[in-house]
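Asker: Structure: structure06.csv, CSV, C-alpha atoms and all ligand atoms.
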chain,number,residue,atom,x,y,z
A,5,MET,CA,61.6,-77.8,22.2
A,6,ASP,CA,60.4,-75.2,24.7
A,7,PRO,CA,58.5,-72.1,23.4
A,8,SER,CA,61.2,-69.7,24.5
A,9,ALA,CA,63.7,-71.4,22.1
A,10,SER,CA,61.4,-71.2,19.1
A,11,SER,CA,60.8,-67.5,19.5
A,12,PRO,CA,63.9,-65.2,19.7
A,13,ASP,CA,62.1,-62.5,21.7
A,14,PRO,CA,59.4,-63.9,23.9
A,15,SER,CA,57.0,-61.5,25.5
A,16,PHE,CA,55.4,-62.1,28.9
A,17,PRO,CA,51.6,-61.9,29.2
A,18,GLY,CA,50.4,-58.4,29.8
A,19,VAL,CA,53.8,-56.9,29.0
A,20,VAL,CA,54.3,-54.5,26.1
A,21,GLY,CA,57.8,-53.6,25.1
A,22,HIS,CA,60.8,-54.4,27.3
A,23,ARG,CA,61.6,-57.3,24.8
A,24,ARG,CA,65.3,-57.6,25.7
A,25,VAL,CA,64.5,-57.9,29.4
A,26,THR,CA,61.8,-60.5,28.9
A,27,ALA,CA,64.1,-62.5,26.6
A,28,MET,CA,66.8,-62.4,29.2
A,29,LEU,CA,64.5,-63.4,32.1
A,30,SER,CA,63.0,-66.2,30.0
A,31,ARG,CA,66.4,-67.6,29.2
A,32,ALA,CA,67.4,-67.5,32.8
A,33,ILE,CA,64.2,-69.4,33.8
A,34,THR,CA,64.8,-72.0,31.1
A,35,ARG,CA,68.4,-72.6,32.4
A,36,ASP,CA,67.1,-72.5,36.0
A,37,ARG,CA,69.4,-69.6,36.7
A,38,LEU,CA,67.0,-66.8,37.5
A,39,HIS,CA,68.3,-64.7,40.3
A,40,HIS,CA,66.1,-65.0,43.4
A,41,GLY,CA,66.2,-61.2,44.1
A,42,LEU,CA,65.4,-58.8,41.2
A,43,VAL,CA,65.1,-55.1,41.2
A,44,PHE,CA,63.1,-53.6,38.3
A,45,SER,CA,64.1,-49.9,38.2
A,46,GLY,CA,62.7,-47.4,35.8
A,47,PRO,CA,60.5,-44.3,35.4
A,48,ARG,CA,57.1,-44.2,37.0
A,49,GLY,CA,54.4,-45.8,34.8
A,50,VAL,CA,56.8,-47.6,32.5
A,51,GLY,CA,55.4,-51.0,33.2
A,52,LYS,CA,57.3,-52.4,36.2
A,53,ALA,CA,54.3,-54.0,37.9
A,54,ALA,CA,53.1,-55.5,34.6
A,55,LEU,CA,56.5,-57.0,34.1
A,56,ALA,CA,56.4,-58.5,37.6
A,57,ARG,CA,53.1,-60.1,36.8
A,58,GLY,CA,54.4,-61.4,33.5
A,59,LEU,CA,57.4,-62.9,35.2
A,60,ALA,CA,55.2,-64.6,37.7
A,61,CYS,CA,53.3,-66.2,34.7
A,62,ALA,CA,56.5,-67.3,33.1
A,63,LEU,CA,57.6,-68.9,36.3
A,64,THR,CA,54.4,-70.8,37.0
A,65,CYS,CA,52.7,-71.5,33.6
A,66,ASP,CA,52.7,-75.2,32.5
A,67,VAL,CA,51.3,-74.4,29.1
A,68,ALA,CA,54.2,-72.1,28.0
A,69,PRO,CA,57.0,-72.6,30.5
A,70,ALA,CA,59.4,-69.8,30.9
A,71,VAL,CA,57.1,-67.5,28.9
A,72,GLY,CA,53.6,-67.7,30.2
A,73,CYS,CA,50.6,-68.3,28.0
A,74,GLY,CA,48.3,-65.7,29.5
A,75,GLN,CA,45.3,-67.9,29.0
A,76,CYS,CA,45.5,-70.9,31.4
A,77,ASP,CA,43.8,-70.8,34.8
A,78,SER,CA,47.1,-70.1,36.5
A,79,CYS,CA,48.1,-67.2,34.2
A,80,ARG,CA,44.7,-65.6,34.4
A,81,ARG,CA,44.7,-65.7,38.2
A,82,ILE,CA,48.1,-64.1,38.2
A,83,LEU,CA,47.1,-61.4,35.8
A,84,GLY,CA,44.1,-60.7,38.0
A,85,ASP,CA,46.1,-60.8,41.2
A,86,ARG,CA,44.1,-63.8,42.4
A,87,HIS,CA,47.0,-66.4,42.7
A,88,THR,CA,48.3,-67.5,46.1
A,89,ASP,CA,51.9,-67.6,44.6
A,90,LEU,CA,52.0,-63.9,43.6
A,91,ARG,CA,52.0,-61.7,46.6
A,92,TRP,CA,52.3,-57.9,46.8
A,93,LEU,CA,54.0,-56.0,49.6
A,94,LEU,CA,52.5,-52.6,48.9
A,95,GLY,CA,53.2,-49.2,50.4
A,96,GLN,CA,50.5,-47.8,52.6
A,97,GLY,CA,49.0,-44.3,53.1
A,98,LYS,CA,49.8,-41.1,51.2
A,99,SER,CA,53.5,-41.7,51.3
A,100,ARG,CA,53.1,-45.3,50.1
A,101,SER,CA,55.8,-46.3,52.6
A,102,ILE,CA,56.4,-50.0,53.5
A,103,THR,CA,56.3,-50.6,57.2
A,104,ALA,CA,58.5,-53.0,59.2
A,105,ALA,CA,55.4,-54.9,60.4
A,106,SER,CA,54.1,-55.7,56.9
A,107,ALA,CA,57.6,-56.6,55.8
A,108,ARG,CA,58.1,-59.0,58.7
A,109,GLU,CA,54.7,-60.6,57.9
A,110,ALA,CA,55.6,-61.0,54.2
A,111,ALA,CA,59.0,-62.5,55.1
A,112,LEU,CA,57.3,-65.0,57.4
A,113,ARG,CA,54.8,-66.1,54.8
A,114,THR,CA,57.5,-66.9,52.2
A,115,GLN,CA,59.0,-69.5,54.5
A,116,HIS,CA,56.2,-71.9,53.6
A,117,ALA,CA,55.9,-70.8,49.9
A,118,PRO,CA,55.4,-71.8,47.1
A,119,PHE,CA,51.8,-72.8,47.9
A,120,GLU,CA,50.4,-74.3,44.8
A,121,ALA,CA,52.7,-73.5,41.9
A,122,ARG,CA,56.4,-74.4,41.5
A,123,ALA,CA,57.4,-70.8,42.2
A,124,HIS,CA,56.4,-68.0,44.5
A,125,VAL,CA,56.8,-64.4,43.5
A,126,ILE,CA,56.7,-61.6,46.1
A,127,VAL,CA,56.7,-58.1,44.7
A,128,ILE,CA,57.7,-55.1,46.8
A,129,ASP,CA,56.1,-51.9,45.4
A,130,PRO,CA,57.5,-49.3,45.8
A,131,ALA,CA,60.8,-50.7,47.1
A,132,ASP,CA,62.3,-47.3,47.3
A,133,ARG,CA,59.7,-46.3,50.0
A,134,MET,CA,60.8,-49.1,52.4
A,135,GLN,CA,61.4,-47.9,55.9
A,136,PRO,CA,64.9,-48.8,57.1
A,137,ALA,CA,63.4,-51.2,59.7
A,138,ALA,CA,61.4,-52.9,56.9
A,139,ALA,CA,64.5,-53.3,54.8
A,140,ALA,CA,66.3,-54.8,57.7
A,141,ALA,CA,63.4,-57.2,58.3
A,142,LEU,CA,63.6,-58.5,54.7
A,143,LEU,CA,67.4,-58.7,54.4
A,144,LYS,CA,67.8,-62.3,55.4
A,145,SER,CA,64.8,-63.6,53.4
A,146,ILE,CA,66.0,-61.8,50.3
A,147,GLU,CA,69.5,-63.2,50.8
A,148,GLU,CA,68.5,-66.8,51.5
A,149,PRO,CA,65.0,-67.3,50.2
A,150,SER,CA,63.2,-70.7,50.4
A,151,PRO,CA,63.6,-72.7,47.2
A,152,GLY,CA,61.3,-71.4,44.5
A,153,VAL,CA,60.8,-68.0,46.1
A,154,HIS,CA,61.6,-64.9,44.0
A,155,TRP,CA,61.7,-61.4,45.3
A,156,VAL,CA,60.9,-58.6,42.8
A,157,LEU,CA,61.6,-55.1,44.0
A,158,LEU,CA,60.0,-52.2,42.0
A,159,ALA,CA,61.7,-48.8,42.2
A,160,THR,CA,61.9,-45.5,40.5
A,161,ASN,CA,64.8,-44.3,42.6
A,162,LEU,CA,67.5,-46.9,43.4
A,163,HIS,CA,69.3,-44.4,45.6
A,164,ASN,CA,66.5,-44.8,48.2
A,165,ILE,CA,67.1,-48.5,48.6
A,166,LEU,CA,69.6,-49.7,51.2
A,167,ASP,CA,72.9,-50.8,49.6
A,168,THR,CA,72.7,-54.0,51.6
A,169,ILE,CA,69.5,-54.9,49.8
A,170,ILE,CA,70.7,-53.8,46.3
A,171,SER,CA,73.9,-55.8,46.7
A,172,ARG,CA,71.8,-59.0,47.3
A,173,CYS,CA,69.8,-58.5,44.1
A,174,MET,CA,70.2,-58.2,40.4
A,175,THR,CA,69.2,-54.8,39.1
A,176,ILE,CA,67.4,-54.6,35.8
A,177,PRO,CA,66.9,-51.1,34.4
A,178,LEU,CA,63.7,-50.6,32.3
A,179,GLU,CA,64.0,-48.1,29.5
A,180,PRO,CA,61.1,-45.8,28.5
A,181,LEU,CA,58.9,-47.4,25.8
A,182,GLY,CA,58.9,-46.4,22.2
A,183,GLU,CA,56.0,-44.3,21.0
A,184,ALA,CA,54.2,-47.2,19.3
A,185,ASP,CA,54.4,-49.4,22.4
A,186,THR,CA,53.2,-46.5,24.6
A,187,LYS,CA,50.3,-46.0,22.3
A,188,THR,CA,49.4,-49.7,22.5
A,189,VAL,CA,49.3,-49.7,26.3
A,190,VAL,CA,47.4,-46.5,26.5
A,191,SER,CA,44.8,-47.6,23.8
A,192,ARG,CA,44.3,-50.9,25.6
A,193,ALA,CA,43.8,-49.2,29.0
A,194,VAL,CA,41.4,-46.6,27.5
A,195,ALA,CA,39.4,-49.4,25.8
A,196,ALA,CA,39.4,-51.6,28.9
A,197,ARG,CA,38.1,-48.8,31.1
A,198,GLY,CA,35.5,-47.9,28.4
A,199,LEU,CA,36.7,-44.4,28.1
A,200,GLU,CA,36.2,-42.0,25.2
A,201,VAL,CA,39.2,-39.9,24.5
A,202,ASP,CA,39.8,-37.7,21.5
A,203,ASP,CA,42.9,-38.5,19.5
A,204,GLY,CA,44.5,-35.1,19.9
A,205,ARG,CA,44.3,-35.3,23.6
A,206,ARG,CA,45.6,-38.9,23.7
A,207,ASP,CA,48.5,-38.1,21.4
A,208,LEU,CA,49.4,-35.0,23.5
A,209,ALA,CA,49.4,-37.1,26.7
A,210,ILE,CA,51.6,-39.8,25.0
A,211,SER,CA,54.1,-37.2,23.7
A,212,LEU,CA,54.3,-35.6,27.1
A,213,ALA,CA,54.7,-38.9,28.9
A,214,ALA,CA,58.0,-39.6,27.1
A,215,GLY,CA,57.7,-43.4,27.0
A,216,SER,CA,55.8,-44.0,30.2
A,217,PRO,CA,52.2,-45.2,29.5
A,218,GLY,CA,51.3,-44.9,33.2
A,219,LEU,CA,52.1,-41.3,33.1
A,220,ALA,CA,50.2,-40.8,29.8
A,221,LEU,CA,47.1,-42.3,31.5
A,222,GLU,CA,47.6,-40.0,34.4
A,223,LEU,CA,47.8,-37.0,32.1
A,224,LEU,CA,44.7,-38.1,30.3
A,225,ALA,CA,42.8,-38.0,33.6
A,226,ASP,CA,44.4,-34.7,34.5
A,227,PRO,CA,41.8,-31.9,34.3
A,228,SER,CA,44.6,-29.3,33.9
A,229,LEU,CA,45.9,-30.6,30.6
A,230,GLU,CA,43.3,-28.8,28.4
A,231,PRO,CA,43.4,-25.4,30.2
A,232,THR,CA,47.2,-25.6,30.1
A,233,ARG,CA,47.1,-26.1,26.4
A,234,GLU,CA,44.9,-23.1,26.1
A,235,LEU,CA,47.3,-21.2,28.3
A,236,LEU,CA,50.1,-22.0,25.9
A,237,ALA,CA,48.1,-20.6,23.0
A,238,ALA,CA,47.4,-17.4,25.0
A,239,THR,CA,51.1,-17.3,26.0
A,240,LEU,CA,52.3,-17.5,22.4
A,241,ARG,CA,49.9,-14.7,21.3
A,242,ALA,CA,51.2,-12.6,24.2
A,243,VAL,CA,54.7,-13.1,23.0
A,244,GLN,CA,53.8,-11.8,19.6
A,245,LEU,CA,51.9,-8.8,21.0
A,246,GLY,CA,54.6,-7.9,23.5
A,247,PRO,CA,54.3,-5.7,26.7
A,248,PRO,CA,50.6,-4.6,26.3
A,249,ALA,CA,49.5,-8.2,26.3
A,250,ILE,CA,52.0,-9.3,29.0
A,251,PHE,CA,51.0,-6.5,31.4
A,252,GLY,CA,47.3,-6.4,30.5
A,253,GLY,CA,46.2,-7.3,34.0
A,254,ASP,CA,44.2,-10.2,35.5
A,255,ARG,CA,41.3,-9.9,33.0
A,256,SER,CA,43.6,-10.0,29.9
A,257,PRO,CA,43.5,-13.2,27.8
A,258,LEU,CA,46.9,-14.3,29.0
A,259,TRP,CA,46.3,-13.9,32.7
A,260,SER,CA,42.7,-15.2,32.7
A,261,ALA,CA,43.9,-18.3,30.9
A,262,TRP,CA,46.7,-18.5,33.5
A,263,LYS,CA,44.2,-18.4,36.3
A,264,ARG,CA,42.0,-21.1,34.7
A,265,ALA,CA,45.0,-23.4,34.3
A,266,VAL,CA,46.3,-22.8,37.8
A,267,LEU,CA,42.9,-23.5,39.4
A,268,GLU,CA,42.6,-26.9,37.6
A,269,THR,CA,46.1,-28.0,38.6
A,270,ALA,CA,46.4,-30.4,41.5
A,271,GLU,CA,48.3,-29.5,44.6
A,272,PRO,CA,51.4,-31.8,44.8
A,273,GLY,CA,49.8,-33.9,47.6
A,274,GLU,CA,46.8,-34.5,45.4
A,275,ARG,CA,49.0,-35.8,42.7
A,276,GLU,CA,50.2,-38.7,44.8
A,277,GLU,CA,46.6,-39.9,45.2
A,278,THR,CA,46.2,-39.8,41.4
A,279,ALA,CA,49.3,-41.8,40.9
A,280,GLU,CA,48.0,-44.5,43.3
A,281,ALA,CA,44.7,-44.6,41.5
A,282,THR,CA,46.6,-45.0,38.2
A,283,ALA,CA,48.6,-47.9,39.6
A,284,LYS,CA,45.4,-49.5,40.7
A,285,ALA,CA,43.7,-48.9,37.4
A,286,GLU,CA,46.7,-50.5,35.6
A,287,SER,CA,46.1,-53.8,37.4
A,288,GLU,CA,42.4,-53.5,36.6
A,289,VAL,CA,43.2,-53.2,32.9
A,290,VAL,CA,44.9,-56.6,33.1
A,291,VAL,CA,41.9,-58.1,34.9
A,292,VAL,CA,39.5,-56.9,32.3
A,293,LYS,CA,41.8,-58.1,29.5
A,294,ALA,CA,42.0,-61.5,31.0
A,295,GLY,CA,38.3,-61.7,31.7
A,296,GLY,CA,37.4,-60.3,28.3
A,297,ARG,CA,34.5,-58.3,29.6
A,298,ALA,CA,33.6,-55.1,27.9
A,299,ARG,CA,32.1,-52.1,29.7
A,300,LYS,CA,29.9,-49.3,28.3
A,301,PRO,CA,32.0,-46.4,27.2
A,302,LYS,CA,31.9,-43.4,29.5
A,303,LYS,CA,33.3,-39.9,29.1
A,304,VAL,CA,36.5,-39.1,30.8
A,305,ARG,CA,35.5,-36.9,33.7
A,306,ALA,CA,37.8,-34.6,35.4
A,307,LYS,CA,38.2,-35.4,39.0
A,308,LYS,CA,36.9,-32.5,41.0
A,309,SER,CA,38.8,-31.4,44.0
A,310,LYS,CA,37.2,-32.4,47.3
A,311,ALA,CA,38.3,-29.1,48.9
A,312,SER,CA,35.9,-26.1,48.7
A,313,ALA,CA,37.2,-23.6,46.2
A,314,PRO,CA,40.7,-24.1,44.9
A,315,LYS,CA,43.1,-21.3,45.5
A,316,GLU,CA,46.0,-19.9,43.4
A,317,THR,CA,48.7,-21.3,45.7
A,318,PRO,CA,52.4,-21.0,45.0
A,319,ALA,CA,52.6,-24.8,44.6
A,320,ARG,CA,49.8,-24.8,42.0
A,321,GLN,CA,51.4,-21.9,40.2
A,322,ARG,CA,54.7,-23.7,40.0
A,323,ALA,CA,53.1,-26.9,38.8
A,324,THR,CA,51.2,-25.0,36.1
A,325,ALA,CA,54.3,-23.1,35.0
A,326,GLY,CA,56.2,-26.4,34.8
A,327,ARG,CA,53.5,-28.0,32.7
A,328,LEU,CA,53.3,-25.0,30.5
A,329,ALA,CA,57.1,-25.2,29.9
A,330,GLU,CA,56.8,-28.9,29.0
A,331,LEU,CA,54.0,-28.3,26.6
A,332,TRP,CA,55.9,-25.4,25.0
A,333,LEU,CA,59.0,-27.4,24.6
A,334,LEU,CA,57.0,-30.2,23.0
A,335,HIS,CA,55.4,-27.7,20.6
A,336,LEU,CA,58.8,-26.3,19.6
A,337,ARG,CA,60.3,-29.8,19.1
A,338,GLU,CA,57.4,-30.7,16.8
A,339,LEU,CA,58.1,-27.6,14.8
A,340,LEU,CA,61.8,-28.4,14.6
A,341,LEU,CA,60.9,-31.8,13.2
A,342,GLY,CA,58.9,-30.0,10.5
A,343,ARG,CA,55.5,-31.0,11.9
A,344,THR,CA,52.7,-28.6,12.7
A,345,GLY,CA,53.2,-28.5,16.4
A,346,LEU,CA,50.4,-28.8,18.9
A,347,GLN,CA,46.8,-28.2,17.8
A,348,ASN,CA,45.2,-24.7,17.8
A,349,MET,CA,48.4,-22.8,18.4
A,350,PRO,CA,48.9,-19.4,16.8
A,351,GLU,CA,51.4,-19.5,13.9
A,352,LEU,CA,54.9,-18.4,14.7
A,353,GLU,CA,55.7,-15.4,12.6
A,354,ASP,CA,59.3,-16.5,12.4
A,355,HIS,CA,59.8,-20.3,12.7
A,356,SER,CA,63.3,-20.4,11.4
A,357,GLY,CA,65.6,-22.9,13.2
A,358,ALA,CA,67.5,-20.1,14.9
A,359,THR,CA,64.4,-18.6,16.4
A,360,VAL,CA,63.1,-21.9,17.6
A,361,ALA,CA,66.5,-22.7,19.1
A,362,THR,CA,66.4,-19.3,21.0
A,363,HIS,CA,63.0,-20.1,22.3
A,364,LEU,CA,64.1,-23.6,23.4
A,365,GLN,CA,67.0,-22.1,25.4
A,366,ALA,CA,64.8,-19.4,27.0
A,367,ILE,CA,62.3,-21.9,28.2
A,368,GLN,CA,64.9,-24.2,29.6
A,369,ASP,CA,66.3,-21.2,31.5
A,370,PHE,CA,62.7,-20.5,32.7
A,371,GLN,CA,62.5,-24.1,34.0
A,372,THR,CA,65.8,-23.5,35.9
A,373,ALA,CA,64.5,-20.2,37.3
A,374,LEU,CA,61.3,-21.8,38.5
A,375,ALA,CA,63.3,-24.0,40.9
A,376,ARG,CA,64.9,-20.9,42.4
A,377,ASN,CA,62.5,-18.0,42.1
A,378,PRO,CA,59.6,-17.9,44.4
A,379,ASN,CA,57.7,-15.5,42.2
A,380,VAL,CA,56.4,-17.6,39.4
A,381,ARG,CA,54.4,-14.9,37.6
A,382,LEU,CA,57.4,-12.7,37.6
A,383,SER,CA,59.6,-15.4,36.0
A,384,LEU,CA,56.9,-16.0,33.3
A,385,GLU,CA,56.7,-12.3,32.5
A,386,GLN,CA,60.5,-12.1,32.2
A,387,LEU,CA,60.4,-15.1,29.8
A,388,LEU,CA,57.7,-13.5,27.6
A,389,LEU,CA,59.5,-10.2,27.5
A,390,ARG,CA,62.7,-11.9,26.5
A,391,LEU,CA,61.0,-13.7,23.6
A,392,GLY,CA,58.7,-10.8,22.6
A,393,PRO,CA,59.2,-8.2,19.8
A,394,LYS,CA,62.3,-6.1,20.4
A,395,PRO,CA,61.6,-2.4,20.9
A,396,GLY,CA,62.7,-0.1,18.0
A,401,ZN,ZN,49.6,-70.0,31.3
Now that the file is in, can you turn its structure into structure tokens?

Answerer:
Amino acid sequence: MDPSASSPDPSFPGVVGHRRVTAMLSRAITRDRLHHGLVFSGPRGVGKAALARGLACALTCDVAPAVGCGQCDSCRRILGDRHTDLRWLLGQGKSRSITAASAREAALRTQHAPFEARAHVIVIDPADRMQPAAAAALLKSIEEPSPGVHWVLLATNLHNILDTIISRCMTIPLEPLGEADTKTVVSRAVAARGLEVDDGRRDLAISLAAGSPGLALELLADPSLEPTRELLAATLRAVQLGPPAIFGGDRSPLWSAWKRAVLETAEPGEREETAEATAKAESEVVVVKAGGRARKPKKVRAKKSKASAPKETPARQRATAGRLAELWLLHLRELLLGRTGLQNMPELEDHSGATVATHLQAIQDFQTALARNPNVRLSLEQLLLRLGPKPG
């Protein structure tokens, strides 16, 4: 009996969660009916690359066929991206786009694959950043691959992939992970990188990431998280105090907290780099896990901007306001669930369900306004006035 038959929900090496998907893929491998073109679609950081590696293990492992043992030489090399039958076609540059030249080269190579195992997996990441000419170059290879060759396309946005590609593949949507699974991935990554993270900050990042461990890790490394949490505390106090606190000027507690948070927030362009670093770090996690090497703990250090002095640009303001709104919503949801909310927040004088619901609505309106209104500070002032003490 093969291992996939003895366990109802096999999990691939290095994969946390996504049990239904791994079970389905495992069954397909056992029956020799795995589609040769797969699209893993799902939110950023949800574990698409890890699933691709796990699938490659399942396809090539002799110890635990159709599942992958995670321990044999083949599995370990796959998990460490050191196997000739797992190839990555990665986006390049800031835009992470996949060029026609690299696509053609990849297609050519698959003609002679597999090289040493019985299957060859080629992963396109991110498949939704393929230039049209790149997609065209891959069309035929994806439609009629050599025996044993499997294409795996990773995408956050299916709409950005040509229909002609999608129609030749089987699309598998990946759901956000549950909180426990997210915590498992984050804790492993934090341990593997030898980082020291306090529990409150870790839990906050996990809650904000809504089932995407990659995003949670990104948030943990984000120097603006703590200043934005302090900004939320200052904002809640300003709501209670009303206009004098809201219009207290740049040196008031509210607006000086605002300024600190804005200056620690990355420009949208800088964020892309962070995302790439996270993606890379995720693969390192697996390597370290497979190798079993431990590193000395080091403190999480905020990545300092390379540019001279950061400025309070509209893009930064908008990003800060967006993050503030997310944190605020999270805080209110925790209160609605009867929990204490985020740490170190001032007590709400009135935390009846009706008041919390009013606040939720106002913040959602604020999020909508942010997309339209170029004056971020003005939108924030209006929000605080709306929620503050009513005159008379
Ligand atoms: Zn193995």

Asker: Between CA of Lys394 in chain A and CA of Ala238 in chain A, measure the distance and give it in Å to one decimal.

Answerer: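 Between CA of Lys394 in chain A and CA of Ala238 in chain A the gap is 19.3 Å.
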
Asker: Collect all residues with atoms no farther than 7 Å from ligand ZN 401 (chain A), counting all atoms listed in the file, and output them as a list in words.

Answerer: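 Using all atoms listed in the file, I find these residues within 7 Å of ligand ZN 401 (chain A): Cys61, Cys65, Asp66, Val67, Ala68, Gly72, Cys73, Gly74, Gln75, Cys76, Asp77, Ser78 and Cys79 of chain A.
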
Asker: Can you pull out every residue within 10 Å of Ala209 in chain A, counting only C-alpha atoms, but drop anything in the same chain fewer than 5 positions away, and send it as a list in words?

Answerer: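 The contact residues come out as Lys187, Val190, Asp203, Gly204, Ala214, Pro217, Leu219, Ala220, Leu221, Glu222, Leu223, Leu224, Ala225, Asp226, Leu229 and Leu331 of chain A.
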
Asker: Could you write out that same residue set with C-alpha atoms as a tab-separated table (two decimals), in the coordinates of the input?

Answerer:
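Wrote it out as part_35.tsv, contents follow:
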chain	number	residue	atom	x	y	z
A	187	LYS	CA	50.30	-46.00	22.30
A	190	VAL	CA	47.40	-46.50	26.50
A	203	ASP	CA	42.90	-38.50	19.50
A	204	GLY	CA	44.50	-35.10	19.90
A	214	ALA	CA	58.00	-39.60	27.10
A	217	PRO	CA	52.20	-45.20	29.50
A	219	LEU	CA	52.10	-41.30	33.10
A	220	ALA	CA	50.20	-40.80	29.80
A	221	LEU	CA	47.10	-42.30	31.50
A	222	GLU	CA	47.60	-40.00	34.40
A	223	LEU	CA	47.80	-37.00	32.10
A	224	LEU	CA	44.70	-38.10	30.30
A	225	ALA	CA	42.80	-38.00	33.60
A	226	ASP	CA	44.40	-34.70	34.50
A	229	LEU	CA	45.90	-30.60	30.60
A	331	LEU	CA	54.00	-28.30	26.60

Asker: Tell me, in Å to one decimal, how far CA of Ala159 in chain A is from CA of Glu147 in chain A.

Answerer: 18.5 Å

Asker: Which distance in Å separates CA of Gln96 in chain A and CA of Ala270 in chain A, to one decimal?

Answerer: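 Computed distance, CA of Gln96 in chain A to CA of Ala270 in chain A, equals 21.0 Å.
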
Asker: Near Leu166 in chain A, within 10 Å and counting all atoms listed in the file, which residues show up once chain neighbours fewer than 4 positions away are dropped, as a list of chain:residue names?

Answerer: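 The filter keeps A:Ala131, A:Asp132, A:Met134, A:Gln135, A:Pro136, A:Ala139, A:Ala140, A:Leu143, A:Leu162, A:Ile170, A:Ser171.
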
Asker: Please provide the set of residues having any atom within 7 Å of range 356-373 of chain A, restricted to only C-alpha atoms, with same-chain residues fewer than 5 positions apart removed, written as a PyMOL selection string.

Answerer: chain A and resi 326+329+333+336+340+383+387+391

Asker: Write a file of the just-selected residues containing C-alpha atoms, as an mmCIF file, in the coordinates of the input.

Answerer:
data_model
loop_
_atom_site.group_PDB
_atom_site.id
_atom_site.type_symbol
_atom_site.label_atom_id
_atom_site.label_comp_id
_atom_site.auth_asym_id
_atom_site.auth_seq_id
_atom_site.Cartn_x
_atom_site.Cartn_y
_atom_site.Cartn_z
ATOM 1 C CA GLY A 326 56.200 -26.400 34.800
ATOM 2 C CA ALA A 329 57.100 -25.200 29.900
ATOM 3 C CA LEU A 333 59.000 -27.400 24.600
ATOM 4 C CA LEU A 336 58.800 -26.300 19.600
ATOM 5 C CA LEU A 340 61.800 -28.400 14.600
ATOM 6 C CA SER A 383 59.600 -15.400 36.000
ATOM 7 C CA LEU A 387 60.400 -15.100 29.800
ATOM 8 C CA LEU A 391 61.000 -13.700 23.600
#

Asker: So that I can check the surroundings of range 312-317 of chain A, please list as a list in words every protein, DNA and RNA residue that reaches within 7 Å of it, counting all atoms listed in the file and ignoring chain neighbours fewer than 2 positions away.

Answerer: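 The neighbour list is Val266, Leu267, Lys310, Ala319, Arg320 and Gln321 of chain A.
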
Asker: With C-alpha atoms retained, write the just-selected residues as a compact mmCIF listing (two decimals), keeping the file's coordinate frame.

Answerer:
# COMPACT_ATOMS: atom_id res chain seq x y z
CA VAL A 266 46.30 -22.80 37.80
CA LEU A 267 42.90 -23.50 39.40
CA LYS A 310 37.20 -32.40 47.30
CA ALA A 319 52.60 -24.80 44.60
CA ARG A 320 49.80 -24.80 42.00
CA GLN A 321 51.40 -21.90 40.20

Asker: Which residues come within 10 Å of range 38-43 of chain A, counting all atoms listed in the file, excluding same-chain residues fewer than 5 positions away, as a VMD selection string?

Answerer: chain A and resid 28 to 33 52 56 63 125 to 128 131 145 to 159 162 169 to 177

Asker: With C-alpha atoms kept, could you save the residues just selected as a CSV table (one decimal), in the coordinates of the input?

Answerer:
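As written to disk, result_21.csv reads:
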chain,number,residue,atom,x,y,z
A,28,MET,CA,66.8,-62.4,29.2
A,29,LEU,CA,64.5,-63.4,32.1
A,30,SER,CA,63.0,-66.2,30.0
A,31,ARG,CA,66.4,-67.6,29.2
A,32,ALA,CA,67.4,-67.5,32.8
A,33,ILE,CA,64.2,-69.4,33.8
A,52,LYS,CA,57.3,-52.4,36.2
A,56,ALA,CA,56.4,-58.5,37.6
A,63,LEU,CA,57.6,-68.9,36.3
A,125,VAL,CA,56.8,-64.4,43.5
A,126,ILE,CA,56.7,-61.6,46.1
A,127,VAL,CA,56.7,-58.1,44.7
A,128,ILE,CA,57.7,-55.1,46.8
A,131,ALA,CA,60.8,-50.7,47.1
A,145,SER,CA,64.8,-63.6,53.4
A,146,ILE,CA,66.0,-61.8,50.3
A,147,GLU,CA,69.5,-63.2,50.8
A,148,GLU,CA,68.5,-66.8,51.5
A,149,PRO,CA,65.0,-67.3,50.2
A,150,SER,CA,63.2,-70.7,50.4
A,151,PRO,CA,63.6,-72.7,47.2
A,152,GLY,CA,61.3,-71.4,44.5
A,153,VAL,CA,60.8,-68.0,46.1
A,154,HIS,CA,61.6,-64.9,44.0
A,155,TRP,CA,61.7,-61.4,45.3
A,156,VAL,CA,60.9,-58.6,42.8
A,157,LEU,CA,61.6,-55.1,44.0
A,158,LEU,CA,60.0,-52.2,42.0
A,159,ALA,CA,61.7,-48.8,42.2
A,162,LEU,CA,67.5,-46.9,43.4
A,169,ILE,CA,69.5,-54.9,49.8
A,170,ILE,CA,70.7,-53.8,46.3
A,171,SER,CA,73.9,-55.8,46.7
A,172,ARG,CA,71.8,-59.0,47.3
A,173,CYS,CA,69.8,-58.5,44.1
A,174,MET,CA,70.2,-58.2,40.4
A,175,THR,CA,69.2,-54.8,39.1
A,176,ILE,CA,67.4,-54.6,35.8
A,177,PRO,CA,66.9,-51.1,34.4

Asker: From the options A:Ala121, A:Leu258, A:Leu112, A:Val19, which residue's atoms come nearest to Asp185 in chain A, counting all atoms listed in the file?

Answerer: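 For Asp185 in chain A, the nearest of the given residues is A:Val19.
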
Asker: Point out the residue among A:Asn377, A:Gly49, A:Ile82, A:Gly198 with the least atom-to-atom distance to Thr186 in chain A, counting all atoms listed in the file.

Answerer: A:Gly49
